[in-house]
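Content type compact mmCIF, C-alpha atoms and all ligand atoms, from the file coords32.txt:
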```txt
# COMPACT_ATOMS: atom_id res chain seq x y z
CA MET A 1 4.48 0.23 13.75
CA THR A 2 5.63 0.03 17.33
CA GLU A 3 9.23 0.16 18.30
CA ASN A 4 10.46 -3.11 19.70
CA GLN A 5 13.05 -5.71 18.87
CA ASN A 6 10.80 -7.67 16.51
CA THR A 7 9.59 -4.82 14.34
CA PRO A 8 12.35 -2.93 12.61
CA ILE A 9 11.59 0.59 11.45
CA TYR A 10 11.77 0.93 7.70
CA THR A 11 13.09 4.13 6.29
CA GLY A 12 13.23 3.09 2.67
CA ASP A 13 13.27 -0.07 0.65
CA ILE A 14 13.56 -3.26 2.64
CA ALA A 15 17.22 -4.15 2.91
CA ALA A 16 17.93 -7.47 1.23
CA GLN A 17 20.45 -9.73 2.93
CA HIS A 18 22.92 -12.33 1.72
CA LEU A 19 22.40 -15.92 2.81
CA GLU A 20 25.22 -16.71 5.20
CA PRO A 21 25.72 -20.49 5.45
CA GLU A 22 26.90 -20.35 9.08
CA ARG A 23 23.70 -18.58 10.14
CA GLU A 24 21.36 -20.67 8.04
CA TYR A 25 19.18 -23.63 8.96
CA THR A 26 20.61 -27.01 8.07
CA THR A 27 18.73 -30.01 6.71
CA GLU A 28 18.56 -31.31 10.29
CA ASN A 29 17.04 -28.25 11.93
CA GLN A 30 14.38 -27.10 9.46
CA GLU A 31 11.60 -27.49 12.01
CA ILE A 32 11.36 -24.78 14.61
CA SER A 33 8.79 -24.35 17.34
CA PHE A 34 6.48 -21.39 17.41
CA SER A 35 4.83 -19.72 20.37
CA ALA A 36 1.09 -19.91 21.00
CA ASP A 37 0.97 -16.20 20.08
CA GLN A 38 2.57 -16.87 16.70
CA HIS A 39 0.13 -19.68 15.94
CA ALA A 40 -2.71 -17.32 16.94
CA ILE A 41 -1.41 -14.63 14.55
CA TRP A 42 -1.23 -17.25 11.78
CA ALA A 43 -4.80 -18.38 12.56
CA ASP A 44 -6.13 -14.80 12.41
CA LEU A 45 -4.28 -14.04 9.16
CA PHE A 46 -5.58 -17.28 7.65
CA ALA A 47 -9.18 -16.63 8.76
CA GLY A 48 -8.97 -13.01 7.55
CA ILE A 49 -8.29 -14.07 3.98
CA HIS A 50 -10.09 -17.40 3.91
CA GLN A 51 -13.45 -15.69 3.36
CA SER A 52 -15.70 -16.57 0.44
CA TYR A 53 -16.19 -12.88 -0.50
CA LEU A 54 -12.41 -12.56 -0.93
CA LEU A 55 -11.63 -16.02 -2.32
CA GLU A 56 -14.12 -15.56 -5.15
CA HIS A 57 -11.79 -12.91 -6.59
CA ILE A 58 -8.69 -15.10 -6.43
CA CYS A 59 -7.88 -17.34 -9.40
CA GLN A 60 -9.04 -20.95 -9.38
CA GLN A 61 -5.49 -22.35 -9.48
CA PHE A 62 -4.75 -20.77 -6.10
CA LYS A 63 -7.86 -22.32 -4.57
CA ASP A 64 -7.07 -25.72 -6.09
CA GLY A 65 -3.53 -25.50 -4.68
CA LEU A 66 -4.73 -24.38 -1.26
CA LYS A 67 -6.88 -27.50 -1.00
CA LEU A 68 -4.00 -29.75 -2.05
CA LEU A 69 -1.60 -28.11 0.42
CA GLU A 70 -3.91 -28.99 3.34
CA LEU A 71 -2.75 -26.15 5.55
CA ASP A 72 -3.96 -26.19 9.14
CA PRO A 73 -5.88 -22.91 9.59
CA LEU A 74 -4.87 -22.78 13.26
CA HIS A 75 -1.19 -23.72 13.18
CA ILE A 76 1.93 -22.72 11.25
CA PRO A 77 2.84 -25.77 9.17
CA ALA A 78 6.02 -27.81 9.50
CA VAL A 79 8.44 -27.71 6.56
CA ALA A 80 8.03 -31.50 6.27
CA HIS A 81 4.28 -31.06 5.74
CA LEU A 82 4.90 -28.54 2.96
CA ASN A 83 7.42 -30.76 1.19
CA GLU A 84 5.20 -33.84 1.46
CA HIS A 85 2.47 -31.92 -0.35
CA ILE A 86 4.65 -30.08 -2.89
CA THR A 87 7.69 -32.11 -3.92
CA PRO A 88 5.85 -35.18 -5.32
CA ARG A 89 3.66 -32.88 -7.41
CA THR A 90 6.14 -30.43 -8.94
CA GLY A 91 9.64 -31.37 -7.77
CA TRP A 92 10.08 -28.11 -5.81
CA HIS A 93 11.52 -28.15 -2.26
CA ILE A 94 10.85 -25.78 0.58
CA GLU A 95 13.73 -24.65 2.76
CA ARG A 96 13.71 -22.43 5.81
CA THR A 97 15.96 -19.38 5.86
CA ALA A 98 17.08 -17.11 8.68
CA VAL A 99 17.21 -14.19 6.25
CA ARG A 100 14.16 -11.94 6.25
CA TYR A 101 14.54 -10.59 2.72
CA THR A 102 16.91 -12.54 0.52
CA LEU A 103 19.04 -10.84 -2.13
CA ALA A 104 17.88 -11.71 -5.64
CA ASP A 105 21.27 -13.24 -6.55
CA ASP A 106 21.01 -15.73 -3.67
CA TRP A 107 17.29 -16.25 -4.19
CA TYR A 108 17.68 -17.26 -7.84
CA LYS A 109 20.62 -19.57 -7.05
CA LYS A 110 18.16 -21.52 -4.89
CA PHE A 111 15.50 -21.25 -7.60
CA ALA A 112 17.89 -22.87 -10.06
CA GLN A 113 17.81 -25.90 -7.74
CA ARG A 114 14.01 -25.69 -7.42
CA ILE A 115 14.30 -24.59 -3.83
CA PHE A 116 11.78 -22.04 -2.56
CA LEU A 117 12.94 -20.30 0.60
CA ILE A 118 10.53 -19.44 3.39
CA THR A 119 11.60 -17.02 6.06
CA ASP A 120 11.39 -17.89 9.76
CA TYR A 121 9.90 -14.49 10.55
CA LEU A 122 6.18 -13.89 11.15
CA ARG A 123 4.66 -10.41 11.20
CA SER A 124 3.49 -8.92 14.50
CA ARG A 125 -0.09 -8.15 15.57
CA ASP A 126 0.08 -4.55 14.38
CA GLN A 127 0.74 -5.65 10.80
CA MET A 128 -2.28 -7.90 10.30
CA GLU A 129 -3.70 -5.90 7.39
CA PHE A 130 -0.43 -5.21 5.64
CA THR A 131 3.30 -5.68 5.99
CA PRO A 132 5.79 -4.40 3.44
CA GLU A 133 8.14 -7.21 4.36
CA PRO A 134 7.37 -10.67 3.01
CA ASP A 135 6.93 -12.82 6.11
CA MET A 136 6.25 -16.51 6.66
CA PHE A 137 2.53 -16.05 6.05
CA HIS A 138 3.24 -14.40 2.70
CA ASP A 139 5.71 -17.10 1.68
CA ILE A 140 3.54 -20.04 2.73
CA PHE A 141 -0.06 -18.91 2.24
CA GLY A 142 0.64 -16.63 -0.73
CA HIS A 143 3.04 -18.72 -2.81
CA LEU A 144 3.03 -22.34 -1.76
CA PRO A 145 -0.49 -23.37 -2.80
CA TYR A 146 0.69 -22.59 -6.33
CA LEU A 147 3.80 -24.72 -5.99
CA THR A 148 1.52 -27.78 -6.00
CA GLN A 149 0.49 -26.70 -9.52
CA LYS A 150 2.52 -27.65 -12.59
CA PHE A 151 1.75 -24.44 -14.51
CA TYR A 152 3.15 -22.33 -11.66
CA ALA A 153 6.25 -24.47 -11.20
CA ALA A 154 6.82 -24.05 -14.95
CA ILE A 155 6.54 -20.25 -14.61
CA GLU A 156 8.93 -20.17 -11.65
CA ASP A 157 11.33 -22.45 -13.56
CA LYS A 158 11.83 -19.72 -16.17
CA PHE A 159 13.35 -17.07 -13.94
CA ALA A 160 16.58 -18.56 -12.59
CA PRO A 161 18.15 -19.73 -15.90
CA ALA A 162 17.63 -16.24 -17.35
CA TYR A 163 18.72 -14.43 -14.18
CA MET A 164 22.00 -16.38 -14.09
CA LYS A 165 22.98 -15.15 -17.56
CA ALA A 166 21.44 -11.69 -17.44
CA THR A 167 23.33 -8.40 -17.47
CA GLN A 168 22.78 -6.09 -14.50
CA ASP A 169 20.12 -4.13 -16.41
CA GLU A 170 18.37 -7.29 -17.49
CA LYS A 171 18.40 -8.55 -13.89
CA GLU A 172 16.43 -5.45 -12.91
CA VAL A 173 13.87 -6.21 -15.62
CA ILE A 174 13.64 -9.85 -14.51
CA LYS A 175 12.95 -8.78 -10.93
CA ARG A 176 10.19 -6.48 -12.18
CA LEU A 177 8.68 -9.21 -14.34
CA ALA A 178 8.54 -11.49 -11.28
CA TRP A 179 7.13 -8.64 -9.17
CA TYR A 180 4.29 -7.79 -11.56
CA SER A 181 3.42 -11.45 -12.25
CA THR A 182 3.98 -13.86 -9.35
CA GLU A 183 3.79 -11.15 -6.66
CA PHE A 184 1.16 -8.69 -7.91
CA GLY A 185 -0.17 -10.10 -11.18
CA LEU A 186 -3.78 -10.42 -12.25
CA VAL A 187 -5.28 -12.90 -14.67
CA ILE A 188 -8.56 -13.16 -16.53
CA GLU A 189 -10.75 -16.14 -15.76
CA ASP A 190 -14.25 -16.51 -17.24
CA ASN A 191 -14.00 -12.90 -18.47
CA GLN A 192 -13.48 -11.68 -14.87
CA LEU A 193 -10.41 -10.11 -13.28
CA LYS A 194 -8.86 -12.44 -10.72
CA VAL A 195 -6.01 -11.94 -8.31
CA PHE A 196 -2.98 -14.11 -9.05
CA GLY A 197 -0.02 -12.57 -7.19
CA ALA A 198 1.09 -13.85 -3.79
CA GLY A 199 1.84 -10.31 -2.56
CA THR A 200 -1.77 -9.31 -3.10
CA ILE A 201 -3.23 -12.53 -1.72
CA SER A 202 -1.28 -12.44 1.55
CA GLY A 203 -2.16 -8.88 2.52
CA ARG A 204 -5.78 -8.21 3.41
CA ALA A 205 -5.56 -4.48 2.76
CA GLU A 206 -4.03 -4.81 -0.69
CA LEU A 207 -6.36 -7.68 -1.55
CA ALA A 208 -9.46 -5.71 -0.54
CA ASN A 209 -8.24 -2.59 -2.40
CA THR A 210 -7.59 -4.63 -5.53
CA ILE A 211 -11.06 -6.15 -5.43
CA MET A 212 -12.59 -2.68 -4.96
CA GLU A 213 -10.78 -1.69 -8.14
CA PHE A 214 -12.44 -4.55 -10.05
CA TYR A 215 -15.85 -3.24 -8.97
CA ARG A 216 -14.93 0.37 -9.64
CA LEU A 217 -14.02 -0.31 -13.24
CA SER A 218 -17.55 -1.37 -14.01
CA ARG A 219 -19.25 1.07 -11.60
CA ASP A 220 -17.54 3.98 -13.38
CA ASN A 221 -18.37 2.44 -16.78
CA VAL A 222 -14.68 2.08 -17.63
CA VAL A 223 -15.27 -1.52 -18.66
CA ASP A 224 -18.36 -3.54 -19.40
CA TYR A 225 -18.06 -7.02 -17.94
CA THR A 226 -20.58 -8.36 -20.44
CA GLY A 227 -18.15 -7.65 -23.30
CA ASN A 228 -14.65 -9.05 -23.90
CA LEU A 229 -12.79 -7.73 -20.86
CA PHE A 230 -9.22 -8.22 -22.00
CA GLU A 231 -9.84 -6.45 -25.31
CA GLN A 232 -11.31 -3.49 -23.44
CA ILE A 233 -8.27 -3.29 -21.14
CA GLN A 234 -5.96 -3.44 -24.15
CA ASP A 235 -7.91 -0.63 -25.87
CA LEU A 236 -7.83 1.52 -22.72
CA PHE A 237 -4.10 0.98 -22.40
CA GLN A 238 -3.42 1.84 -26.06
CA SER A 239 -5.48 4.99 -26.02
CA HIS A 240 -3.94 6.25 -22.75
CA LYS A 241 -0.39 5.07 -23.33
CA ASP A 242 1.13 8.58 -23.48
CA ASN A 243 -0.25 9.52 -20.09
CA ILE A 244 0.59 6.11 -18.61
CA TYR A 245 4.23 6.58 -19.61
CA ARG A 246 4.22 10.12 -18.15
CA ILE A 247 2.88 8.63 -14.91
CA ILE A 248 5.54 5.90 -14.95
CA ASP A 249 8.29 8.51 -15.43
CA GLY A 250 6.83 10.44 -12.50
CA VAL A 251 6.69 7.30 -10.36
CA ASN A 252 10.34 6.63 -11.19
CA GLU A 253 11.20 10.13 -10.04
CA LEU A 254 9.28 9.66 -6.77
CA HIS A 255 10.99 6.31 -6.35
CA ARG A 256 14.43 7.90 -6.79
CA GLN A 257 13.50 10.41 -4.09
CA GLY A 258 12.50 7.53 -1.79
CA GLN A 259 8.89 8.73 -1.69
CA MET A 260 7.37 5.55 -3.08
CA SER A 261 8.76 3.72 -0.08
CA SER A 262 7.25 5.91 2.57
CA GLN A 263 4.41 4.35 4.50
CA GLU A 264 3.32 7.75 5.84
CA ASN A 265 2.85 9.42 2.47
CA GLY A 266 0.98 6.48 1.02
CA TRP A 267 -1.21 7.13 -1.97
CA ASN A 268 -0.98 10.89 -1.53
CA VAL A 269 2.29 10.91 -3.44
CA VAL A 270 0.61 9.30 -6.45
CA HIS A 271 -2.44 11.56 -6.21
CA SER A 272 -0.26 14.66 -6.21
CA LEU A 273 1.68 13.26 -9.16
CA TYR A 274 -1.53 13.08 -11.21
CA LYS A 275 -2.25 16.66 -10.22
CA LYS A 276 1.24 17.83 -11.16
CA LEU A 277 0.95 16.15 -14.56
CA GLY A 278 -2.52 17.60 -15.12
CA ILE A 279 -4.11 14.18 -15.54
CA GLU A 280 -7.80 14.22 -14.68
CA ARG A 281 -8.66 11.52 -12.19
CA ASP A 282 -11.67 10.19 -14.00
CA GLY A 283 -12.54 7.08 -16.02
CA TYR A 284 -9.51 4.84 -16.47
CA PHE A 285 -7.43 7.02 -14.14
CA SER A 286 -9.89 7.49 -11.30
CA GLY A 287 -8.89 4.47 -9.23
CA GLU A 288 -5.96 3.87 -6.91
CA VAL A 289 -4.11 1.82 -9.51
CA ILE A 290 -3.99 1.55 -13.26
CA ILE A 291 -4.81 -1.90 -14.60
CA ALA A 292 -2.93 -2.56 -17.85
CA PRO A 293 -2.25 -5.60 -20.02
CA PHE A 294 0.94 -7.47 -19.06
CA ASP A 295 3.52 -5.90 -21.32
CA VAL A 296 7.25 -6.47 -20.95
CA GLU A 297 8.23 -3.05 -22.32
CA THR A 298 5.96 -1.20 -19.88
CA ILE A 299 6.94 -3.39 -16.92
CA ALA A 300 10.63 -2.81 -17.70
CA ARG A 301 10.03 0.93 -17.17
CA ILE A 302 8.22 0.79 -13.86
CA PRO A 303 10.03 0.28 -10.55
CA LYS A 304 9.28 -2.35 -7.98
CA THR A 305 7.62 -0.41 -5.22
CA VAL A 306 7.11 -1.64 -1.71
CA TYR A 307 4.55 -0.57 0.90
CA ALA A 308 1.53 -1.59 -1.19
CA PHE A 309 1.68 1.48 -3.35
CA ASN A 310 2.00 -0.38 -6.59
CA PRO A 311 0.78 2.29 -8.99
CA MET A 312 0.00 -0.27 -11.68
CA PHE A 313 -1.20 -3.83 -11.92
CA PHE A 314 -0.74 -5.96 -14.99
CA VAL A 315 -3.23 -8.52 -16.23
CA CYS A 316 -2.75 -11.53 -18.49
CA GLU A 317 -5.47 -12.91 -20.71
CA SER A 318 -4.63 -16.41 -19.48
CA PHE A 319 -1.78 -18.33 -17.87
CA GLU A 320 -0.78 -19.53 -21.35
CA GLN A 321 -0.34 -15.91 -22.36
CA MET A 322 1.66 -15.14 -19.19
CA ASP A 323 3.87 -18.09 -20.01
CA ALA A 324 4.45 -16.91 -23.59
CA LEU A 325 5.14 -13.28 -22.61
CA LEU A 326 7.63 -14.29 -19.91
CA ASP A 327 9.31 -16.64 -22.39
CA SER A 328 9.62 -13.87 -24.95
CA TYR A 329 11.97 -12.00 -22.60
CA LEU A 330 13.52 -14.75 -20.48
CA LYS A 331 14.21 -17.52 -22.99
CA PRO A 332 16.64 -15.65 -25.29
CA ILE A 333 18.68 -14.65 -22.23
CA ALA A 334 18.62 -18.16 -20.74
CA MET A 335 19.77 -19.65 -24.04
CA ARG A 336 22.79 -17.37 -24.38
CA ASN A 337 26.20 -19.08 -24.27
FE FE B 1 6.78 -13.33 -2.54
```

If you convert what's in this file into structure tokens, what do you get?
Ligand SMILES: [Fe+2]
Amino acid sequence: MTENQNTPIYTGDIAAQHLEPEREYTTENQEISFSADQHAIWADLFAGIHQSYLLEHICQQFKDGLKLLELDPLHIPAVAHLNEHITPRTGWHIERTAVRYTLADDWYKKFAQRIFLITDYLRSRDQMEFTPEPDMFHDIFGHLPYLTQKFYAAIEDKFAPAYMKATQDEKEVIKRLAWYSTEFGLVIEDNQLKVFGAGTISGRAELANTIMEFYRLSRDNVVDYTGNLFEQIQDLFQSHKDNIYRIIDGVNELHRQGQMSSQENGWNVVHSLYKKLGIERDGYFSGEVIIAPFDVETIARIPKTVYAFNPMFFVCESFEQMDALLDSYLKPIAMRN
């Protein structure tokens, strides 16, 4: 990262900011103009991910939504374009915000009104492969194709009503559930692992690493793609649960020390954790991440980690299953008096 006014230096987690009405965009000034450079960055980001060898590993619903959204590959879209393509289909509205990383409390207040905020900030040229900070490309390209899809709107509809009534501890779990589903979740489609999360889709480095993991699992004979994939992942998870929980405790410790947020240390911190715990890096544990079935109890234990060092990814058997598992935690909270 270079030091200039547009690229802040991160020393830890990204600082979330409150929405301040006096600084925010109004309904009249949602459209802003972008420089030729910014449009060019958008075009390169778009072209970098819009490749058949990458798209084939992203779930069908994303690709269906991307078509419906009719994004211009060469230009950053207007908010009006996004709303014309989204609101009639799912009732969600897109609003521009001046905040780069919105606090969850403010974010979910907007969610309760079916408003999805997109930041006015676009990453710089030196962050084409990865940025820890969700920028406009992440918000628009990663999330908004899905907001044309009823199943996704229904998933997003679940979070705010629960968040509003949750205790502080439950709020942390809710943020993690969102993180490991809509941001970094995986789903099975035709017995294949597919990328679902917007965080993975909008970052070429994380997307490519995730896809490598899919190949590695079969290359190292961890799974056999000719058999029932989800059952195999469930069996692997069950038989390695003790070590997975030791790893999660270790990740929590690293997180408390700020080491899971350090771009410089990267994966080395996780590799040395395996070493410290005496866990052999072979078979299920030989990749860069552990792929486990989406499980609320496990997700509740693992921190949100920025800088693309998610030590675990969680996979759902289907979107129906994702829906049911999210409901199992969120609905009882939302229905509280
Ligand atoms: Fe996001």

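Neighbouring residues of Ile302 (chain A) at 6 Å or closer, counting only C-alpha atoms and skipping chain neighbours under 2 positions away, are Ile248, Ile299 and Ala300 of chain A.
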
Check: Which is closer to ligand FE 1 (chain B) than all the others in A:Gly197, A:Gly185, A:Gly283, A:Pro311, using only C-alpha atoms and all ligand atoms?
Finding: A:Gly197

Notebook entry, point to check: Which residues, written as JSON, numbers by chain, have at least one atom at most 12 Å from His143 (chain A), with all atoms listed in the file counted and residues fewer than 2 positions away on the same chain left out?
Noted result: {"A": [61, 62, 63, 65, 66, 69, 82, 86, 94, 116, 117, 118, 134, 135, 136, 137, 138, 139, 140, 141, 145, 146, 147, 148, 149, 152, 153, 156, 181, 182, 183, 184, 196, 197, 198, 199, 200, 201, 202]}

Note to self: For a quick check of understanding, using all atoms listed in the file, which of A:Thr119, A:Asn268, A:Asn191, A:Gln234 has the smallest distance to ligand FE 1 (chain B)?
What the structure shows: A:Thr119

Check: So which residues touch Ala334 (chain A) within 7 Å, counting only C-alpha atoms, skipping near sequence neighbours fewer than 5 positions away, as a list in words?
Finding: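 The contact residues come out as Pro161, Ala162 and Lys165 of chain A.
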
Next item on the list: Skip Leu207 (chain A) itself and residues of its chain fewer than 2 positions away, then list as a PyMOL selection string all residues within 12 Å of it, counting all atoms listed in the file.
Entry: chain A and resi 48-51+53-58+129-130+142+183-186+194-205+209-214+308

Check: Which polymer residues have any atom within 7 Å of an atom of Cys316 (chain A), counting all atoms listed in the file, with same-chain residues fewer than 2 positions away left out, as a PyMOL selection string?
Finding: chain A and resi 186-188+293-294+314+318-319+321-322

Item checked: Coordinates-based distance that separates atom FE of ligand FE 1 (chain B) from CA of Lys171 (chain A) (Å, one decimal) ->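 Computing the Euclidean distance for CA of Lys171 (chain A) and atom FE of ligand FE 1 (chain B) yields 16.9 Å.
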
Checklist line | Selection as a PyMOL selection string: residues within 10 Å of (-6.0, 2.7, -12.8), counting only C-alpha atoms | finding: chain A and resi 213+216-217+222+237+244+281-292+311-313

Check: CA of Pro303 (chain A) to CA of Gly250 (chain A): how many Å, to one decimal?
Finding: 10.8 Å

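The shortest atom-to-atom distance to Thr90 (chain A), with all atoms listed in the file taken into account, belongs to A:Asp157 out of A:Asp157, A:Asp72, A:Glu189, A:Glu297.
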
Margin query: Here is a test: counting all atoms listed in the file, which residue of A:Asp295, A:Glu22, A:Asp120, A:Glu253 is nearest to Gln238 (chain A)?
Written below: A:Asp295

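Distances from A:Phe111, A:Arg246, A:Val99, A:Gln127 to Asp44 (chain A) were compared using only C-alpha atoms, and the smallest one belongs to A:Gln127.
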
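Put simply, CA of His240 (chain A) is 21.5 Å away from CA of Leu325 (chain A).
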
Next item on the list: Determine the nearest neighbour of ligand FE 1 (chain B) from the options A:Arg125, A:His75, A:Arg336, A:Lys175, counting only C-alpha atoms and all ligand atoms.
Entry: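 Of the candidates, the smallest distance to ligand FE 1 (chain B) is held by A:Lys175.
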
Listed atoms of region 41-50 of chain A boxed axis-aligned with 8 Å per side, centre + edges as lines of an AutoDock Vina configuration file:
```
center_x = -5.7
center_y = -15.7
center_z = 9.2
size_x = 24.9
size_y = 21.4
size_z = 26.6
```
